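With compact mmCIF, C-alpha atoms and all ligand atoms inside, this is upload04.txt:
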# COMPACT_ATOMS: atom_id res chain seq x y z
CA MET A 1 6.65 14.30 17.33
CA ILE A 2 5.40 10.84 16.46
CA LYS A 3 7.49 8.23 18.28
CA HIS A 4 5.42 5.08 17.90
CA HIS A 5 5.05 3.46 14.50
CA PRO A 6 3.62 0.19 13.19
CA SER A 7 6.23 -2.59 13.16
CA HIS A 8 7.92 -3.42 9.88
CA ASP A 9 6.03 -6.73 9.75
CA LEU A 10 2.71 -4.89 10.09
CA LEU A 11 3.68 -2.54 7.25
CA VAL A 12 4.56 -5.53 5.06
CA ALA A 13 1.22 -7.19 5.84
CA TYR A 14 -0.58 -3.90 5.18
CA THR A 15 1.05 -3.39 1.78
CA GLN A 16 0.22 -6.98 0.86
CA GLY A 17 -3.43 -6.42 1.76
CA GLU A 18 -3.32 -9.13 4.40
CA LEU A 19 -4.61 -7.27 7.46
CA PRO A 20 -8.21 -7.19 8.67
CA ALA A 21 -10.01 -3.98 7.66
CA ALA A 22 -9.77 -2.38 11.13
CA LEU A 23 -5.97 -2.73 11.24
CA ALA A 24 -5.49 -1.74 7.60
CA ALA A 25 -7.50 1.40 8.40
CA GLY A 26 -5.30 2.10 11.44
CA ILE A 27 -2.13 1.93 9.37
CA ALA A 28 -3.69 4.01 6.57
CA MET A 29 -4.51 6.71 9.14
CA HIS A 30 -1.03 6.59 10.64
CA ARG A 31 0.37 6.86 7.11
CA GLU A 32 -1.56 10.07 6.55
CA LEU A 33 0.18 11.59 9.58
CA CYS A 34 3.66 10.04 9.31
CA PRO A 35 6.01 10.89 6.40
CA ALA A 36 8.54 8.25 7.53
CA CYS A 37 6.05 5.38 7.27
CA GLN A 38 4.65 6.90 4.08
CA ALA A 39 8.10 6.53 2.52
CA ASP A 40 8.49 2.96 3.86
CA ILE A 41 5.07 2.01 2.50
CA ALA A 42 5.89 3.49 -0.92
CA GLN A 43 9.08 1.42 -0.96
CA LEU A 44 7.28 -1.77 0.02
CA ASN A 45 4.76 -1.23 -2.78
CA GLU A 46 7.67 -1.08 -5.23
CA VAL A 47 9.16 -4.27 -3.84
CA HIS A 48 5.87 -6.17 -4.22
CA ALA A 49 5.19 -4.74 -7.68
CA GLU A 50 8.64 -5.79 -8.86
CA GLN A 51 8.20 -9.25 -7.39
CA HIS A 52 4.84 -9.91 -9.03
CA PHE A 53 5.08 -8.01 -12.31
CA GLU A 54 8.74 -7.87 -13.26
CA LEU A 55 10.55 -10.82 -11.77
CA ALA A 56 7.79 -13.43 -11.82
CA GLU A 57 7.50 -15.72 -14.80
CA ALA A 58 3.82 -16.41 -15.31
CA GLU A 59 2.27 -19.33 -17.12
CA PRO A 60 0.18 -18.20 -20.06
CA ILE A 61 -3.49 -18.13 -19.13
CA GLY A 62 -4.40 -20.76 -21.66
CA LEU A 63 -8.09 -20.00 -21.75
CA ASP A 64 -9.51 -17.75 -24.37
CA MET A 65 -9.05 -14.29 -22.94
CA SER A 66 -11.09 -12.45 -25.51
CA ALA A 67 -14.43 -13.17 -23.82
CA MET A 68 -13.28 -11.47 -20.63
CA ILE A 69 -11.76 -8.59 -22.58
CA ASP A 70 -15.01 -8.12 -24.52
CA ALA A 71 -17.08 -8.18 -21.35
CA ILE A 72 -14.88 -5.65 -19.58
CA THR A 73 -14.64 -3.22 -22.49
CA SER A 74 -18.35 -3.42 -23.37
CA SER A 75 -19.01 -0.58 -20.94
CA ASP A 76 -17.41 2.81 -21.35
CA ALA A 77 -18.20 3.89 -17.82
CA ILE A 78 -15.34 5.14 -15.68
CA ASP A 79 -14.98 5.32 -11.93
CA VAL A 80 -14.51 8.73 -10.39
CA ALA A 81 -11.66 9.15 -7.96
CA ASN A 82 -12.37 8.75 -4.28
CA SER A 83 -12.54 12.03 -2.48
CA TYR A 84 -9.61 12.74 -0.21
CA GLN A 85 -11.36 15.61 1.45
CA HIS A 86 -11.44 15.18 5.15
CA LYS A 87 -14.74 14.95 6.96
CA THR A 88 -15.37 16.96 10.06
CA LEU A 89 -16.75 15.34 13.18
CA THR A 90 -18.25 17.24 16.10
CA VAL A 91 -18.74 15.48 19.45
CA ASN A 92 -19.64 17.19 22.72
CA GLY A 93 -18.97 20.56 21.15
CA VAL A 94 -15.44 19.68 19.98
CA SER A 95 -14.73 19.47 16.25
CA TYR A 96 -12.14 17.22 14.63
CA GLN A 97 -10.94 16.66 11.09
CA LEU A 98 -11.08 12.91 10.40
CA PRO A 99 -8.46 11.04 8.34
CA ALA A 100 -9.42 10.40 4.70
CA ALA A 101 -9.20 6.64 5.37
CA LEU A 102 -12.49 6.91 7.31
CA ASN A 103 -14.37 8.75 4.54
CA ASN A 104 -16.62 5.78 3.78
CA VAL A 105 -16.70 4.15 7.19
CA ALA A 106 -19.98 4.54 9.07
CA ALA A 107 -19.81 5.63 12.71
CA GLY A 108 -22.50 4.52 15.16
CA LYS A 109 -24.30 6.59 17.76
CA TRP A 110 -22.05 8.22 20.35
CA SER A 111 -22.51 7.02 23.90
CA GLY A 112 -20.59 7.57 27.09
CA ILE A 113 -20.44 8.93 30.57
CA GLY A 114 -18.38 11.62 32.20
CA GLY A 115 -15.62 12.80 29.96
CA ILE A 116 -15.54 9.73 27.75
CA ALA A 117 -17.56 8.99 24.63
CA ARG A 118 -17.34 6.13 22.16
CA SER A 119 -18.74 5.39 18.73
CA ARG A 120 -18.47 1.99 17.05
CA LEU A 121 -17.23 1.95 13.47
CA SER A 122 -18.48 -0.42 10.80
CA LEU A 123 -15.14 -2.17 10.42
CA ASP A 124 -15.98 -5.45 12.16
CA ASP A 125 -14.06 -8.46 11.10
CA GLY A 126 -14.69 -11.58 13.17
CA ASP A 127 -13.90 -10.69 16.79
CA ILE A 128 -12.23 -7.41 15.93
CA ARG A 129 -13.96 -4.17 16.95
CA ALA A 130 -13.02 -0.65 15.94
CA SER A 131 -14.22 2.58 17.58
CA LEU A 132 -13.61 6.25 17.89
CA LEU A 133 -12.97 7.28 21.47
CA GLN A 134 -13.20 10.84 22.68
CA ILE A 135 -11.70 11.80 26.02
CA LEU A 136 -12.34 15.30 27.26
CA PRO A 137 -9.59 17.31 29.01
CA ASN A 138 -8.36 16.16 32.41
CA ASN A 139 -9.77 12.66 32.21
CA SER A 140 -8.02 9.34 32.21
CA VAL A 141 -8.45 6.57 29.70
CA PRO A 142 -10.55 3.86 31.34
CA GLU A 143 -8.51 0.94 32.57
CA HIS A 144 -9.54 -2.42 31.24
CA THR A 145 -8.19 -5.88 30.78
CA HIS A 146 -8.57 -8.15 27.84
CA ASN A 147 -6.90 -11.16 26.32
CA GLY A 148 -6.25 -10.04 22.81
CA PHE A 149 -4.55 -7.02 21.36
CA GLU A 150 -5.39 -3.37 21.52
CA LEU A 151 -4.39 -0.68 19.09
CA THR A 152 -4.69 2.97 20.03
CA LEU A 153 -3.98 5.57 17.38
CA ILE A 154 -4.18 9.18 18.52
CA LEU A 155 -5.97 11.25 15.89
CA ASP A 156 -6.09 14.53 17.77
CA GLY A 157 -4.72 15.83 21.08
CA SER A 158 -2.37 13.88 23.33
CA PHE A 159 -2.11 11.80 26.49
CA HIS A 160 0.64 10.66 28.83
CA ASP A 161 1.36 7.81 31.20
CA ASP A 162 4.30 6.70 33.33
CA MET A 163 6.14 5.62 30.16
CA GLY A 164 5.99 8.98 28.43
CA SER A 165 3.72 11.15 26.34
CA TYR A 166 1.87 10.35 23.14
CA VAL A 167 0.76 12.72 20.39
CA ALA A 168 -1.43 12.70 17.28
CA GLY A 169 -0.17 10.00 14.92
CA ASP A 170 1.30 7.74 17.62
CA PHE A 171 0.41 4.14 16.86
CA ILE A 172 0.36 2.20 20.11
CA MET A 173 -0.07 -1.54 19.95
CA LEU A 174 -0.45 -3.37 23.26
CA ASN A 175 -1.32 -6.89 24.14
CA GLY A 176 -3.37 -8.13 27.07
CA GLU A 177 -0.47 -8.46 29.45
CA HIS A 178 0.32 -4.80 29.42
CA HIS A 179 -1.57 -2.40 31.66
CA HIS A 180 -1.50 1.31 31.48
CA SER A 181 -3.79 4.14 32.43
CA PRO A 182 -2.97 7.23 30.44
CA VAL A 183 -4.22 10.67 31.36
CA THR A 184 -5.09 13.46 28.96
CA ASP A 185 -4.72 17.12 29.92
CA GLU A 186 -5.85 18.73 26.67
CA GLY A 187 -8.29 15.99 25.64
CA CYS A 188 -7.98 13.64 22.68
CA LEU A 189 -9.70 11.70 19.95
CA CYS A 190 -8.41 8.17 19.38
CA TYR A 191 -9.05 5.38 16.95
CA THR A 192 -9.07 2.09 18.82
CA VAL A 193 -9.09 -1.52 17.69
CA LEU A 194 -9.74 -4.28 20.18
CA ASN A 195 -9.77 -8.00 19.94
CA ASN A 196 -10.93 -9.76 23.07
CA SER A 197 -10.18 -13.19 21.86
CA MET A 198 -6.91 -15.07 21.85
CA HIS A 199 -8.14 -17.01 18.85
CA PHE A 200 -6.68 -15.08 15.97
CA ASN A 201 -5.96 -16.81 12.79
CA LYS A 202 -2.43 -18.13 12.74
CA GLY A 203 -0.88 -15.40 10.59
CA LEU A 204 -2.37 -12.58 12.64
CA ASN A 205 -1.39 -14.27 15.83
CA LYS A 206 2.23 -14.30 14.75
CA LEU A 207 2.08 -10.64 13.78
CA LEU A 208 0.34 -9.31 16.82
CA ASN A 209 1.23 -11.52 19.70
CA PRO A 210 4.88 -12.44 19.67
CA ILE A 211 5.83 -13.88 23.07
CA GLY A 212 3.69 -11.52 25.07
CA LYS A 213 5.74 -8.41 24.70
CA LEU A 214 5.09 -4.85 23.67
CA ILE A 215 4.83 -4.48 19.95
CA TYR A 216 5.17 -1.06 18.48
CA MET B 217 -5.66 2.13 -33.24
CA GLN B 218 -2.45 0.29 -33.99
CA ALA B 219 -1.33 -1.71 -31.01
CA HIS B 220 2.32 -1.67 -30.07
CA SER B 221 3.25 -5.17 -29.15
CA ILE B 222 7.02 -5.42 -29.17
CA GLY B 223 8.33 -7.59 -26.44
CA LEU B 224 5.25 -7.61 -24.30
CA LEU B 225 3.48 -10.74 -25.31
CA PRO B 226 4.30 -13.51 -22.86
CA SER B 227 7.26 -14.70 -24.87
CA ASN B 228 7.33 -18.14 -23.31
CA ALA B 229 3.85 -18.73 -24.70
CA ILE B 230 5.11 -18.71 -28.23
CA GLY B 231 8.59 -19.95 -27.58
CA ILE B 232 10.61 -17.02 -28.89
CA LYS B 233 12.14 -14.06 -27.16
CA PRO B 234 11.16 -11.07 -29.25
CA ILE B 235 13.70 -8.72 -27.70
CA ALA B 236 16.48 -11.12 -27.00
CA MET B 237 18.99 -8.62 -28.35
CA LYS B 238 18.27 -6.17 -25.60
CA THR B 239 19.66 -6.17 -22.10
CA GLU B 240 17.47 -6.69 -19.05
CA THR B 241 17.57 -2.94 -18.28
CA GLU B 242 16.48 -1.88 -21.70
CA LYS B 243 13.72 -4.46 -21.61
CA THR B 244 12.25 -3.11 -18.36
CA GLU B 245 12.49 0.45 -19.57
CA THR B 246 10.85 -0.31 -22.87
CA GLU B 247 8.12 -2.08 -20.92
CA HIS B 248 7.43 0.87 -18.65
CA GLN B 249 7.23 3.34 -21.54
CA GLN B 250 4.96 0.98 -23.39
CA LEU B 251 2.71 0.09 -20.44
CA ALA B 252 2.34 3.77 -19.53
CA ARG B 253 1.36 4.57 -23.13
CA TRP B 254 -1.24 1.81 -23.17
CA LEU B 255 -2.73 3.03 -19.88
CA SER B 256 -2.93 6.51 -21.29
CA ASP B 257 -4.61 5.22 -24.49
CA VAL B 258 -7.18 3.38 -22.38
CA ALA B 259 -7.79 6.51 -20.29
CA GLY B 260 -7.78 8.99 -23.15
CA SER B 261 -9.46 7.16 -26.02
CA ARG B 262 -10.94 4.02 -24.43
CA SER B 263 -8.70 1.98 -26.71
CA LYS B 264 -9.67 -1.67 -26.65
CA ALA B 265 -6.47 -2.58 -28.52
CA ALA B 266 -4.33 -0.96 -25.82
CA PHE B 267 -6.41 -2.65 -23.12
CA THR B 268 -5.91 -6.01 -24.82
CA GLU B 269 -2.14 -5.51 -24.66
CA LEU B 270 -2.34 -4.59 -20.98
CA PHE B 271 -4.47 -7.66 -20.42
CA LYS B 272 -1.92 -9.92 -22.12
CA PHE B 273 0.87 -8.49 -20.01
CA PHE B 274 -0.84 -8.41 -16.63
CA ALA B 275 -3.55 -11.08 -16.55
CA PRO B 276 -1.21 -14.12 -16.40
CA LYS B 277 0.82 -12.45 -13.64
CA ILE B 278 -2.28 -11.52 -11.66
CA ARG B 279 -3.58 -15.05 -11.96
CA GLN B 280 -0.25 -16.42 -10.78
CA PHE B 281 -0.22 -14.04 -7.78
CA ALA B 282 -3.76 -15.03 -6.81
CA ILE B 283 -3.16 -18.76 -7.15
CA SER B 284 0.03 -18.69 -5.12
CA LYS B 285 -1.69 -16.62 -2.46
CA PHE B 286 -5.09 -18.28 -2.23
CA GLY B 287 -4.58 -21.61 -3.98
CA ASN B 288 -7.97 -21.36 -5.62
CA GLU B 289 -8.49 -21.28 -9.36
CA ALA B 290 -12.02 -19.81 -9.25
CA LEU B 291 -10.98 -17.03 -6.90
CA ALA B 292 -7.92 -16.31 -9.05
CA HIS B 293 -10.20 -15.93 -12.05
CA GLU B 294 -12.35 -13.43 -10.15
CA ILE B 295 -9.31 -11.45 -9.04
CA VAL B 296 -8.08 -11.24 -12.64
CA GLN B 297 -11.52 -10.07 -13.74
CA GLU B 298 -11.89 -7.51 -10.94
CA THR B 299 -8.39 -6.13 -11.33
CA MET B 300 -8.57 -5.78 -15.10
CA THR B 301 -12.08 -4.27 -14.88
CA ASN B 302 -10.69 -1.66 -12.51
CA VAL B 303 -7.73 -1.01 -14.81
CA TRP B 304 -10.27 -0.32 -17.59
CA ARG B 305 -12.46 1.90 -15.42
CA LYS B 306 -9.75 3.72 -13.46
CA ALA B 307 -6.91 4.14 -15.94
CA HIS B 308 -7.44 7.93 -15.87
CA LEU B 309 -6.35 7.92 -12.24
CA TYR B 310 -2.86 6.74 -13.17
CA ASN B 311 -0.34 9.55 -13.43
CA GLN B 312 2.89 8.49 -15.08
CA ASP B 313 4.77 11.32 -13.40
CA LYS B 314 4.16 9.82 -9.96
CA GLY B 315 5.01 6.15 -10.20
CA ALA B 316 5.65 3.19 -12.48
CA PRO B 317 2.70 1.62 -14.31
CA THR B 318 3.49 -1.75 -12.71
CA THR B 319 3.30 -0.24 -9.23
CA TRP B 320 -0.06 1.32 -10.00
CA VAL B 321 -1.48 -1.96 -11.30
CA PHE B 322 -0.11 -3.73 -8.21
CA THR B 323 -2.15 -1.30 -6.09
CA VAL B 324 -5.25 -1.94 -8.19
CA MET B 325 -4.74 -5.71 -7.83
CA ARG B 326 -4.11 -5.66 -4.08
CA ASN B 327 -7.17 -3.44 -3.59
CA ALA B 328 -9.42 -5.62 -5.74
CA ALA B 329 -8.31 -8.75 -3.87
CA PHE B 330 -8.95 -7.07 -0.49
CA ASP B 331 -12.48 -5.95 -1.40
CA LEU B 332 -13.30 -9.33 -2.89
CA LEU B 333 -12.12 -11.25 0.19
CA ARG B 334 -13.95 -8.91 2.54
CA LYS B 335 -17.09 -9.58 0.54
CA ILE B 336 -16.59 -13.35 0.63
CA ASN B 337 -15.47 -13.66 4.27
CA ASN B 338 -17.52 -10.92 5.94
CA SER B 339 -20.36 -10.32 3.49
CA LYS B 340 -19.33 -6.66 3.39
CA GLU B 341 -19.63 -4.84 0.12
CA ASP B 342 -18.22 -1.58 1.41
CA CYS B 343 -15.24 -1.47 -1.02
CA LEU B 344 -12.96 0.39 1.37
CA SER B 345 -9.68 -0.47 -0.30
CA ASP B 346 -9.25 2.72 -2.32
CA ASP B 347 -9.56 4.68 0.94
CA PHE B 348 -6.97 2.51 2.70
CA TRP B 349 -4.55 2.38 -0.25
CA PRO B 350 -5.11 5.47 -2.44
CA LEU B 351 -4.88 4.91 -6.20
CA MET B 352 -4.11 8.53 -6.75
CA GLU B 353 -1.75 10.39 -4.50
CA ALA B 354 -2.63 13.94 -3.57
CA ASP B 355 1.08 14.64 -3.51
CA ASP B 356 4.08 12.52 -4.25
CA ASP B 357 5.04 10.01 -1.66
CA PRO B 358 8.32 11.24 -0.29
CA VAL B 359 11.43 9.58 -1.63
CA ALA B 360 13.32 8.34 1.39
CA ASP B 361 16.10 9.96 3.23
CA LEU B 362 19.14 7.83 2.57
CA ALA B 363 20.75 10.81 0.90
CA GLU B 364 22.54 12.21 3.94
CA ASP B 365 26.31 12.37 3.56
CA LYS B 366 27.08 9.65 6.08
CA ASN B 367 24.92 7.34 3.99
CA ARG B 368 26.57 8.10 0.68
CA THR B 369 29.59 6.00 1.48
CA LEU B 370 27.34 3.11 2.45
CA ILE B 371 25.26 3.50 -0.68
CA ASN B 372 28.42 3.51 -2.76
CA GLU B 373 29.68 0.33 -1.11
CA HIS B 374 26.47 -1.52 -1.90
CA LEU B 375 25.72 -0.02 -5.29
CA GLN B 376 27.11 -2.98 -7.19
CA GLU B 377 24.50 -5.26 -5.60
CA LEU B 378 21.68 -3.49 -7.42
CA PRO B 379 20.32 -4.45 -10.83
CA GLU B 380 21.50 -2.15 -13.62
CA ALA B 381 18.20 -0.25 -14.00
CA GLN B 382 18.19 0.72 -10.32
CA LYS B 383 21.90 1.40 -10.14
CA GLU B 384 21.75 4.05 -12.83
CA VAL B 385 18.99 6.07 -11.16
CA VAL B 386 20.79 5.96 -7.80
CA GLN B 387 24.05 7.04 -9.43
CA GLY B 388 22.38 9.81 -11.37
CA PHE B 389 20.37 11.12 -8.42
CA TYR B 390 22.82 10.81 -5.54
CA PHE B 391 26.20 11.12 -7.21
CA GLN B 392 25.66 13.21 -10.33
CA GLU B 393 22.89 15.17 -8.58
CA LEU B 394 20.54 15.06 -11.52
CA THR B 395 16.89 15.86 -10.92
CA HIS B 396 14.17 13.26 -11.43
CA GLU B 397 13.15 15.09 -14.59
CA GLN B 398 16.69 15.14 -16.00
CA LEU B 399 17.06 11.43 -15.29
CA ALA B 400 13.76 10.64 -17.00
CA GLU B 401 14.90 12.50 -20.07
CA GLN B 402 18.40 11.07 -20.10
CA LEU B 403 17.26 7.47 -19.62
CA ASN B 404 14.17 7.92 -21.76
CA ILE B 405 11.79 6.50 -19.17
CA PRO B 406 8.63 7.97 -17.61
CA LEU B 407 9.18 10.32 -14.69
CA GLY B 408 7.17 8.06 -12.41
CA THR B 409 9.42 5.15 -13.27
CA VAL B 410 12.43 7.16 -12.10
CA LYS B 411 10.73 7.71 -8.75
CA SER B 412 9.64 4.08 -8.51
CA ARG B 413 13.13 2.78 -9.29
CA LEU B 414 14.68 5.10 -6.75
CA ARG B 415 12.34 3.91 -4.02
CA LEU B 416 12.91 0.30 -4.94
CA ALA B 417 16.67 0.77 -4.99
CA LEU B 418 16.59 2.43 -1.58
CA ALA B 419 14.44 -0.36 -0.16
CA LYS B 420 17.04 -2.88 -1.34
CA LEU B 421 20.00 -0.84 -0.17
CA LYS B 422 18.40 -0.46 3.23
CA GLN B 423 17.86 -4.20 3.37
CA ASN B 424 21.41 -5.03 2.24
CA ILE B 425 23.04 -2.45 4.48
CA GLY B 426 20.97 -3.66 7.42
CA ASP B 427 21.88 -7.28 6.76
CA ASN B 428 25.57 -6.46 6.77
CA HIS B 429 25.54 -4.37 9.89
CA ASP B 430 23.56 -6.66 12.17
ZN ZN C 501 5.22 6.03 11.22
Please rewrite the model in this file as structure tokens.
Ligand SMILES: [Zn+2]
Amino acid sequence: MIKHHPSHDLLVAYTQGELPAALAAGIAMHRELCPACQADIAQLNEVHAEQHFELAEAEPIGLDMSAMIDAITSSDAIDVANSYQHKTLTVNGVSYQLPAALNNVAAGKWSGIGGIARSRLSLDDGDIRASLLQILPNNSVPEHTHNGFELTLILDGSFHDDMGSYVAGDFIMLNGEHHHSPVTDEGCLCYTVLNNSMHFNKGLNKLLNPIGKLIY
Amino acid sequence: MQAHSIGLLPSNAIGIKPIAMKTETEKTETEHQQLARWLSDVAGSRSKAAFTELFKFFAPKIRQFAISKFGNEALAHEIVQETMTNVWRKAHLYNQDKGAPTTWVFTVMRNAAFDLLRKINNSKEDCLSDDFWPLMEADDDPVADLAEDKNRTLINEHLQELPEAQKEVVQGFYFQELTHEQLAEQLNIPLGTVKSRLRLALAKLKQNIGDNHD
């Protein structure tokens, strides 16, 4: 069972479209696996929609709107719906079904040693880096230190550490002061987001780094 | 096509309230019916008249949202243009059985703003927003779980704090045990609006109940 969810503040920022792409993707993927957060997100969307479209009094636009209306309606083309079919990924002979949120995200060449392989995703945003990380059975997640934050979202499989066990869907947000070295028995595929810099923009900093404690 | 325009022109622009006789609840419900019909006319018959009405309703609000968020008139203009272009091109993806028209347009607006900012700030034209915030749900988002018995008393205690439109769906669903479909018919509002109102009401109840029990 999923025990680790994005914080309420992260869900609010996600529904307002205020997160960098790599974090928005992480929450979208968690949402696909977590009915509880799916319900919370649907509620937050209602709250924002009410605020902006039903309670807000807007000034009339003033300008002549007909030029924009003419331009928009001059084409009859429509956009087809995005596909929500899941892509399949095969690495080192193991196949995984990827979340629909990654359907249009390019993955780089896989590289790695031993039981660990990594592929960079094209979700860069400033200093933020996103990757897929595969760990084969009976390996441990490499220990590392960094100054920023680190998100690990398990997409498939599980791992455990001295704090407990983590399964597909668990959304684990750590900051640089926390160390852990999880071990996987059955192997796993994770989505990871790293930021090695302490220099986030102010809003992000508040969301992700409150007084150096664990933020789930 | 004849445009239906009752009550949806920005009334403050012309200084009269066209539906002043109606209560707030009735106003919102008329709006949702009307907005949903316009979206369906845009999707089904590419009606420019219906699109013009949607534009009059949403564009000033979108502009206001963008200005308060980004403080930039030129960017606000682009967000209005992008959002309304997507409403025109994607109206067929809106399903009035799944959510309120305002909630759907909010999603379109948030997505357009995200893609636009990613393009400006990161020079990325990957348009990922519709993957991160789907415009069309494969299934309904679940309506939350406040319905357990121990919560009913709490809901009842806080019911009076809700606006009329939300109170009546909560009462109908949790206390008279009507289905979403029966409520839509009884209140004469789109099915999706029933679901939207219920979610919104639960979000507020959760907030109010939480505030009081801290
Ligand atoms: Zn969750």
If you take only C-alpha atoms and all ligand atoms and a cut-off of 6 Å, which residues of chain A touch ligand ZN 501 (chain C), and what are their nearest atom pairs and distances in Å to one decimal, in chain and number order, as a tab-separated table?
residue	atom	partner	partner_atom	distance
A:His5	CA	C:ZN501	ZN	4.2
A:Cys34	CA	C:ZN501	ZN	4.7
A:Ala36	CA	C:ZN501	ZN	5.4
A:Cys37	CA	C:ZN501	ZN	4.1
Return the neighbours of chain B among the residues of chain A, cut-off 7 Å, counting only C-alpha atoms, as a PyMOL selection string. chain A and resi 16-17+24-25+28+38-39+42-43+45-47+49+52-53+58-61+69+72-73+77-79+81+100-101+104+125
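We find atom CA of Gly93 of chain A and atom CA of Leu121 of chain A to be spaced 20.2 Å apart.
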Might you pull out every residue within 7 Å of segment 188-190 of chain A, with only C-alpha atoms counted and same-chain residues fewer than 4 positions away left off, and present them as a ChimeraX atom specification? /A:132-136,152-158,184
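The space between atom CA of Phe389 of chain B and atom CA of Glu401 of chain B spans 12.9 Å.
Taking atom CA of Gly108 of chain A as the reference point, atom CA of Gly126 of chain A is found at 18.0 Å.
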Determine, counting all atoms listed in the file, which protein, DNA and RNA residues have an atom within 7 Å of an atom of Asp185 of chain A; residues of the same chain fewer than 3 positions away are not included. Present the result as JSON, numbers by chain. {"A": [137, 138, 159]}
Any chance you could work out the axis-aligned box around segment 133-140 of chain A, listed atoms only, 3 Å on each side, giving centre and edge lengths in Å to one decimal, as JSON?
{"center_x": -10.6, "center_y": 12.3, "center_z": 26.9, "size_x": 11.2, "size_y": 16.0, "size_z": 16.9}
For Gly26 of chain A, find every residue with an atom within 9 Å (counting all atoms listed in the file), except residues of its own chain fewer than 3 positions away, and show them as JSON, numbers by chain. {"A": [21, 22, 23, 29, 30, 31, 101, 151, 152, 153, 171, 191, 192, 193], "B": [348]}
